[in-house]
Structures are given as C-alpha cells and as structure tokens.
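Here the structure comes first, spelled out in structure tokens, and everything after it is commentary.
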Amino acid sequence: MKRSTTLFLALLLFPLARCSARNAAAQNAQTAPATGSAAQLTLTTQSARAKELFGQAIVESGNYRLDECLKDLRAAVKEDPDFAAGWALLSYYATDSGESSKALQQANKTAGRASLAEQVLVQWISNLRSNYQLGAIASLNDLTAAAPGDKYVLYLAGRWFFDQGKTERAANLFEKVLAIDPNFTPALNRLGYAYAALDQLPKALETMQRYVAAMPDDPNPEDSFGDILFKAGRFDEAQAHFEAALKKDPKFGPSQHELGDVYAMKGEYEKAREAYRKAAAVAANPRRSIEYRSSIGLTYVREGNLGQADKEYGALAVEAKAAGFHDLEAALQLTMARYQTDDDAALKHLAAAEEAVRGDEHMAASQRDELMAAIRRWRGMRSMHAGNTGMTEVCLRLLQDKWGESDNEAVGSEYHALEGAWLANQKKYAEAAAQLEEAEDVFSLALLSQVKLAMGDAAGAAAAKKELLARHEWTMEGVLVIEPARK
C-alpha cells in the first residue's frame, strides 16, 4: 500500500516480476477457501484452479499487484463462467469502470447458484458500487459472521474499514488474520499502515520488519517500510528503503516514484522530476504512467511556476480523456482547480471535471458521488471567494442531500469542509469549528486553527497547528498548506 498520489486517496496496486508475486501467492494461498466449513467462505465452483486463483488474487492485490490480481481473476471466471465470487471480486478490483460494471452484472446473474456467504459477498460489492454505505456495512458484518475463520474475508473487511478511516477496527481484523496465518503478507502490509495511522510507530516498524522477512526477495515490503518512514518525516531512512526495493527490482515503479517524492520534499525538484519520468517509463500500463507523471506538475506548483504546472496537468488531462480514463481526467481537472489563483479559472476546471464525470456511463455510483462531492465542495469555496454566495448555498444543499441519501463518509467530509468554511466566513466561529472538526482534510485543519484563534482558543489553535505540522506528504494538500505552514 502506498501514500495517496496527488490525484487520489484510493488504493493503487502495482505489479512486480511474475516470479516473486507467484512465490508470495503460493506461500499465502495454500489454504484457499474451498470447503463447506462454517468458519470459512464456501466457494461454489467445481474448478479447483478457479478457487486457487481467487485466493491468489487477494494475496496479489494485498502486495500491490493489481495487474496480476486482475489477470488471475479473469482467468478464474474463464475457468468457471458461473463463479459468482470470482466475478464479484473482479468487479471490486477492476480499475476500468466498464469491466467492473459488466463483472458485477455477471456476479448478480450467477449468485443464485452460489453459497449463502458468496451471495452476501456479491451483495456487499453491489452496495459499494451503488454507494449504499449502510447496506455495505451490514453486508460486510454478515460476511465476517458467516466466515469468522476465513483469512481472506477478514482481510477484505479490514482493508475496507481501513480505507473508510475506521483504523482501530481494521487493525483488529488484521490481527485476527495473523492469528490464523502469521505470515499472511497482505495483512502484515496493511497492519503496519494501521499502526502508523494510530500513532504506534514502533509497532508499525516492527510489523514492516516481519513483512520484509516474509518476502525477502520482493521490493514491495521495502517500499511499504519506506512509505511509513516518509510519513514520519524520516526522509533519509525512507530513501534507503526505496533504493533497497529498486535493487531487488530496478523496474519497480512505486519506489522509483517515491524516490521522486523524497527529492521533492528536500527541495530537489529537478531530481524529483527525473525520478517521476523514470517511474512513468517503467509503468505497467498507460493509466499508471499518467498518474506518475502528474507529480511533475506538482513540483511546478511548489516552485510557484503555475503556468508550467497548467501545461503539465493539461496535457495529461487530454491524454486521460483520449484513453477513456474519465475519472482520472476529472481528478486532474480538480487538481488544477485547487491551485488556481483566479476564481474564474478554477471554476472552469471544475466544470471540466464535472463534464468528465458525467461522460462515463459505467462509473460506479460511489465513485461518481465522491468525485462530484469534491467538485461541489470546491465550487462552493471558489464561488464564496468570488462573492457568489448563492452558488455556495446550492452546493451545500446538494452535498447535504447526497450525504443523507448515501451515508458516504467521503461525501460527508466534503460537506463538513464547505459548511465549516461557510460558517467561518460569516464569523460564526463556534459552529464553524464543530463542522471543521468533522472534516478530514488538511485545508479544513488549517482553517480550524485560524477559527480557534479567532474564538480566543489559543490552545485549540496550537493543537490544530501541531496536528497539521505532524503530517508529511507530497500531495497537493502538502504543497498548498502543510509545507508553507511549516516554513
């Protein structure tokens, strides 16, 4: 698992040489769920190969091998076209919205012949894609209750709760997985991140050492180790681990990209750009190449060369659109909107982002709603800054309605951020602080510090500022908010 890029907080999984991934899969998939045990997920398929590929794909995804994970899931459903769990997992991991939508259709079509637990798995993923968060949580609880001794189920549940910000619950699930299989590498990887997020750095580093020991020839454990050190602000140590990963595989794109992040944090922007270009050159697919190159634009934003940043991001947005990566195109336009100094220019980029979202008919409702929430939050912010308070109120109503309808916490966070800024603008500081404390982004944390100070709460302002400065990230938030505050 890696830090969020400048574009997404979503999980990105990267490939490695086939041999090391296969070794890891063989190590971890030897007890793939196949029986009717009440403690395990019963897979309804007559193909032993399909069952093996199912477990192997989960291991590969957990070790940052999305390309191999998808290849194995496609092979699994080819082995057995009626394999409902295989289709469901393919829908869950697929990055192409069209493939994900078609796979979910097949999962629902074949679920009637599957075991009860598999049907719950399909329902969980259906709820996720339709952005029915309460239903998703209920389905996931039912799934873990139906297969309480299945490491794959517990890992998937922990992964999702971690991505939802429910870190303590995720850590508990990963610990249960490791009680079943102490060397289950996906859980070691994620548990290290969970401990770090819970400010338990010694336990995080100890877990990363176990992860490296479990996969000594694989670059990803070294990369994850470096990632956690990076987040702790220990850049030289992080760099050493990224370089160790590249010694194991010189074409391991994530570590090459993260070397660029280290250089950028040190202010060595030319070296950072060179590292990002090298990462793009070894990227496993065109989408990943665009994602890696997007960090080049961020270096120009940090240098204050916004014209060059526009050129970099704009060219990538055109490339993403031509390739049919509508969500990526939207994210790039949203990124450009956030650093614009002119409100009208920012609003044009937000309009382009919305057009990209609406241009993808297969995009999952959850992804669509989250992207639109971010667009509406920043449209409301820019409109407020430009004096168009009517538009800000419209954006607030739309965000509140969508949050109430879906109970999606990402949508809720965008609503709280805009509502907090709106109330702060009206000098309703106590109400603003309550909203900003519910938001989960750096911009809101910085504003919270200012609001607390305006309330006369110097201690609260200092606490918010301390939390802000404790973060180390090479993202748009880091460039626009954290690093300027640090300096």
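In the structure tokens, chains take the letters A, B, ... in the order shown, each chain's residues start at 1, and ligands count up from 1 in the order shown.
Near range 442-449 of chain A, within a cut-off of 6 Å and counting only C-alpha atoms, sit the residues Ala417, Ala433, Leu436, Lys452, Ala461, Ala464 and Lys465 of chain A, with same-chain residues fewer than 3 positions away left out.
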### Task
Could you find all residues in range 21-240 of chain A that DSSP calls helix (DSSP H, G or I) from the backbone, and write them as a ChimeraX atom specification?
/A:21-28,48-62,66-79,84-93,97-113,116-129,133-146,151-163,167-180,185-197,201-214,219-231,235-240
### Message
Applying 12 Å and only C-alpha atoms, which residues near Lys203 in chain A remain after dropping the ones on its own chain fewer than 5 positions away? List them as JSON, numbers by chain.
### Response
{"A": [171, 188, 191, 192, 193, 194, 195, 196, 197, 198, 208, 209, 210, 228]}
Selected residues written out with N, CA and C atoms, as a compact mmCIF listing (two decimals), in the first residue's frame:
```txt
# COMPACT_ATOMS: atom_id res chain seq x y z
N ALA A 171 -7.39 -2.60 12.23
CA ALA A 171 -6.24 -3.23 12.88
C ALA A 171 -6.65 -4.49 13.62
N LEU A 188 0.06 -8.30 7.02
CA LEU A 188 1.26 -7.66 7.57
C LEU A 188 1.44 -6.26 6.98
N LEU A 191 -1.46 -3.96 8.26
CA LEU A 191 -1.41 -3.73 9.70
C LEU A 191 -0.32 -2.73 10.04
N GLY A 192 0.80 -2.78 9.32
CA GLY A 192 1.85 -1.79 9.54
C GLY A 192 1.34 -0.38 9.32
N TYR A 193 0.58 -0.18 8.26
CA TYR A 193 0.00 1.13 7.98
C TYR A 193 -1.02 1.52 9.05
N ALA A 194 -1.81 0.54 9.51
CA ALA A 194 -2.81 0.83 10.53
C ALA A 194 -2.15 1.29 11.82
N TYR A 195 -1.10 0.59 12.24
CA TYR A 195 -0.39 1.01 13.45
C TYR A 195 0.17 2.42 13.29
N ALA A 196 0.74 2.70 12.12
CA ALA A 196 1.30 4.04 11.88
C ALA A 196 0.20 5.10 11.97
N ALA A 197 -0.96 4.81 11.40
CA ALA A 197 -2.07 5.76 11.45
C ALA A 197 -2.58 5.97 12.87
N LEU A 198 -2.37 4.97 13.74
CA LEU A 198 -2.79 5.06 15.13
C LEU A 198 -1.68 5.63 16.01
N MET A 208 6.55 -4.02 9.80
CA MET A 208 7.19 -3.93 8.49
C MET A 208 8.42 -4.83 8.42
N GLN A 209 9.15 -4.97 9.53
CA GLN A 209 10.28 -5.90 9.55
C GLN A 209 9.82 -7.33 9.32
N ARG A 210 8.68 -7.67 9.92
CA ARG A 210 8.11 -9.01 9.69
C ARG A 210 7.70 -9.18 8.22
N ILE A 228 6.15 4.31 5.28
CA ILE A 228 5.80 4.64 6.66
C ILE A 228 6.83 5.61 7.25
```
With only C-alpha atoms as the counted atoms, please give the residues lying no more than 10 Å from range 318-322 of chain A, apart from itself and same-chain residues fewer than 2 positions off, as a PDB file with N, CA and C atoms, in the first residue's frame.
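In the end it all went to result-v7.pdb:
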```pdb
ATOM      1  N   PRO A 286      -0.678   2.452 -19.390  1.00  0.00           N
ATOM      2  CA  PRO A 286      -0.786   3.894 -19.674  1.00  0.00           C
ATOM      3  C   PRO A 286      -1.412   4.710 -18.551  1.00  0.00           C
ATOM      4  N   ARG A 287      -2.375   4.139 -17.869  1.00  0.00           N
ATOM      5  CA  ARG A 287      -3.012   4.878 -16.774  1.00  0.00           C
ATOM      6  C   ARG A 287      -1.997   5.187 -15.681  1.00  0.00           C
ATOM      7  N   ILE A 290       0.376   8.006 -16.546  1.00  0.00           N
ATOM      8  CA  ILE A 290      -0.205   9.337 -16.351  1.00  0.00           C
ATOM      9  C   ILE A 290      -0.164   9.717 -14.879  1.00  0.00           C
ATOM     10  N   GLU A 291      -0.513   8.782 -14.020  1.00  0.00           N
ATOM     11  CA  GLU A 291      -0.521   9.059 -12.581  1.00  0.00           C
ATOM     12  C   GLU A 291       0.873   9.434 -12.083  1.00  0.00           C
ATOM     13  N   TYR A 313      -0.312  19.417 -16.292  1.00  0.00           N
ATOM     14  CA  TYR A 313      -1.595  18.796 -15.947  1.00  0.00           C
ATOM     15  C   TYR A 313      -2.559  18.799 -17.126  1.00  0.00           C
ATOM     16  N   GLY A 314      -2.561  19.884 -17.889  1.00  0.00           N
ATOM     17  CA  GLY A 314      -3.474  19.983 -19.026  1.00  0.00           C
ATOM     18  C   GLY A 314      -3.201  18.922 -20.068  1.00  0.00           C
ATOM     19  N   ALA A 315      -1.919  18.685 -20.360  1.00  0.00           N
ATOM     20  CA  ALA A 315      -1.558  17.655 -21.339  1.00  0.00           C
ATOM     21  C   ALA A 315      -1.974  16.269 -20.844  1.00  0.00           C
ATOM     22  N   LEU A 316      -1.803  16.024 -19.563  1.00  0.00           N
ATOM     23  CA  LEU A 316      -2.195  14.726 -19.011  1.00  0.00           C
ATOM     24  C   LEU A 316      -3.709  14.549 -19.026  1.00  0.00           C
ATOM     25  N   GLY A 324      -9.914   7.320 -22.427  1.00  0.00           N
ATOM     26  CA  GLY A 324     -11.161   6.902 -21.797  1.00  0.00           C
ATOM     27  C   GLY A 324     -11.085   6.786 -20.290  1.00  0.00           C
ATOM     28  N   PHE A 325     -10.051   7.382 -19.671  1.00  0.00           N
ATOM     29  CA  PHE A 325      -9.912   7.369 -18.216  1.00  0.00           C
ATOM     30  C   PHE A 325     -10.633   8.594 -17.648  1.00  0.00           C
ATOM     31  N   HIS A 326     -11.958   8.525 -17.647  1.00  0.00           N
ATOM     32  CA  HIS A 326     -12.739   9.711 -17.298  1.00  0.00           C
ATOM     33  C   HIS A 326     -12.546  10.130 -15.842  1.00  0.00           C
ATOM     34  N   ASP A 327     -12.438   9.172 -14.947  1.00  0.00           N
ATOM     35  CA  ASP A 327     -12.226   9.528 -13.541  1.00  0.00           C
ATOM     36  C   ASP A 327     -10.873  10.199 -13.343  1.00  0.00           C
ATOM     37  N   LEU A 328      -9.866   9.720 -14.074  1.00  0.00           N
ATOM     38  CA  LEU A 328      -8.535  10.312 -13.983  1.00  0.00           C
ATOM     39  C   LEU A 328      -8.531  11.721 -14.586  1.00  0.00           C
ATOM     40  N   GLU A 329      -9.228  11.883 -15.689  1.00  0.00           N
ATOM     41  CA  GLU A 329      -9.362  13.206 -16.285  1.00  0.00           C
ATOM     42  C   GLU A 329     -10.021  14.173 -15.303  1.00  0.00           C
ATOM     43  N   ALA A 330     -11.083  13.713 -14.637  1.00  0.00           N
ATOM     44  CA  ALA A 330     -11.776  14.560 -13.668  1.00  0.00           C
ATOM     45  C   ALA A 330     -10.857  14.932 -12.513  1.00  0.00           C
ATOM     46  N   LEU A 332      -7.623  15.161 -12.527  1.00  0.00           N
ATOM     47  CA  LEU A 332      -6.615  16.125 -12.986  1.00  0.00           C
ATOM     48  C   LEU A 332      -7.195  17.531 -13.072  1.00  0.00           C
ATOM     49  N   ALA A 356     -16.296  15.477 -17.271  1.00  0.00           N
ATOM     50  CA  ALA A 356     -15.609  14.192 -17.383  1.00  0.00           C
ATOM     51  C   ALA A 356     -16.338  13.119 -16.584  1.00  0.00           C
ATOM     52  N   GLY A 359     -19.424  12.034 -18.286  1.00  0.00           N
ATOM     53  CA  GLY A 359     -19.166  11.375 -19.559  1.00  0.00           C
ATOM     54  C   GLY A 359     -18.901   9.883 -19.452  1.00  0.00           C
TER      55      GLY A 359
END
```
### Message
For Val153 in chain A, find every residue with an atom within 10 Å (counting only C-alpha atoms), except residues of its own chain fewer than 4 positions away, and show them as JSON, numbers by chain.
### Response
{"A": [33, 40, 41, 58, 121, 140, 143, 144, 145, 146, 147, 148, 149, 157, 158, 159, 173, 177]}
### Message
Set the distance at 7 Å and use only C-alpha atoms: which residues neighbour His362 in chain A once local chain neighbours fewer than 4 positions away are removed? I'd like the list as a PyMOL selection string.
### Response
chain A and resi 97-98+101
Could the residues in this selection be written to a file with N, CA and C atoms, as a compact mmCIF listing (two decimals), in the first residue's frame?
```txt
# COMPACT_ATOMS: atom_id res chain seq x y z
N SER A 97 -14.07 1.14 -15.44
CA SER A 97 -15.46 1.16 -14.98
C SER A 97 -16.35 0.23 -15.80
N GLY A 98 -16.05 0.10 -17.09
CA GLY A 98 -16.84 -0.80 -17.92
C GLY A 98 -16.67 -2.24 -17.51
N SER A 101 -18.41 -2.86 -14.13
CA SER A 101 -19.87 -2.92 -14.25
C SER A 101 -20.33 -4.26 -14.83
```
### Task
Compile the contact shell of range 403-406 of chain A as a list of chain:residue names: residues with an atom at most 7 Å away, counting only C-alpha atoms, same-chain residues fewer than 5 positions apart removed.
A:Asn131, A:Tyr132, A:Gln133, A:Val411, A:Gly412
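The closest residue to Gln340 in chain A, picked from A:Ser130, A:Gln367, A:Gln46, A:Asn305 and counting only C-alpha atoms, is A:Asn305.
For the residues A:Ala39, A:Ala364, A:Ala331, A:Leu201, ranking by smallest atom-to-atom distance to His349 in chain A using only C-alpha atoms places A:Ala331 first.
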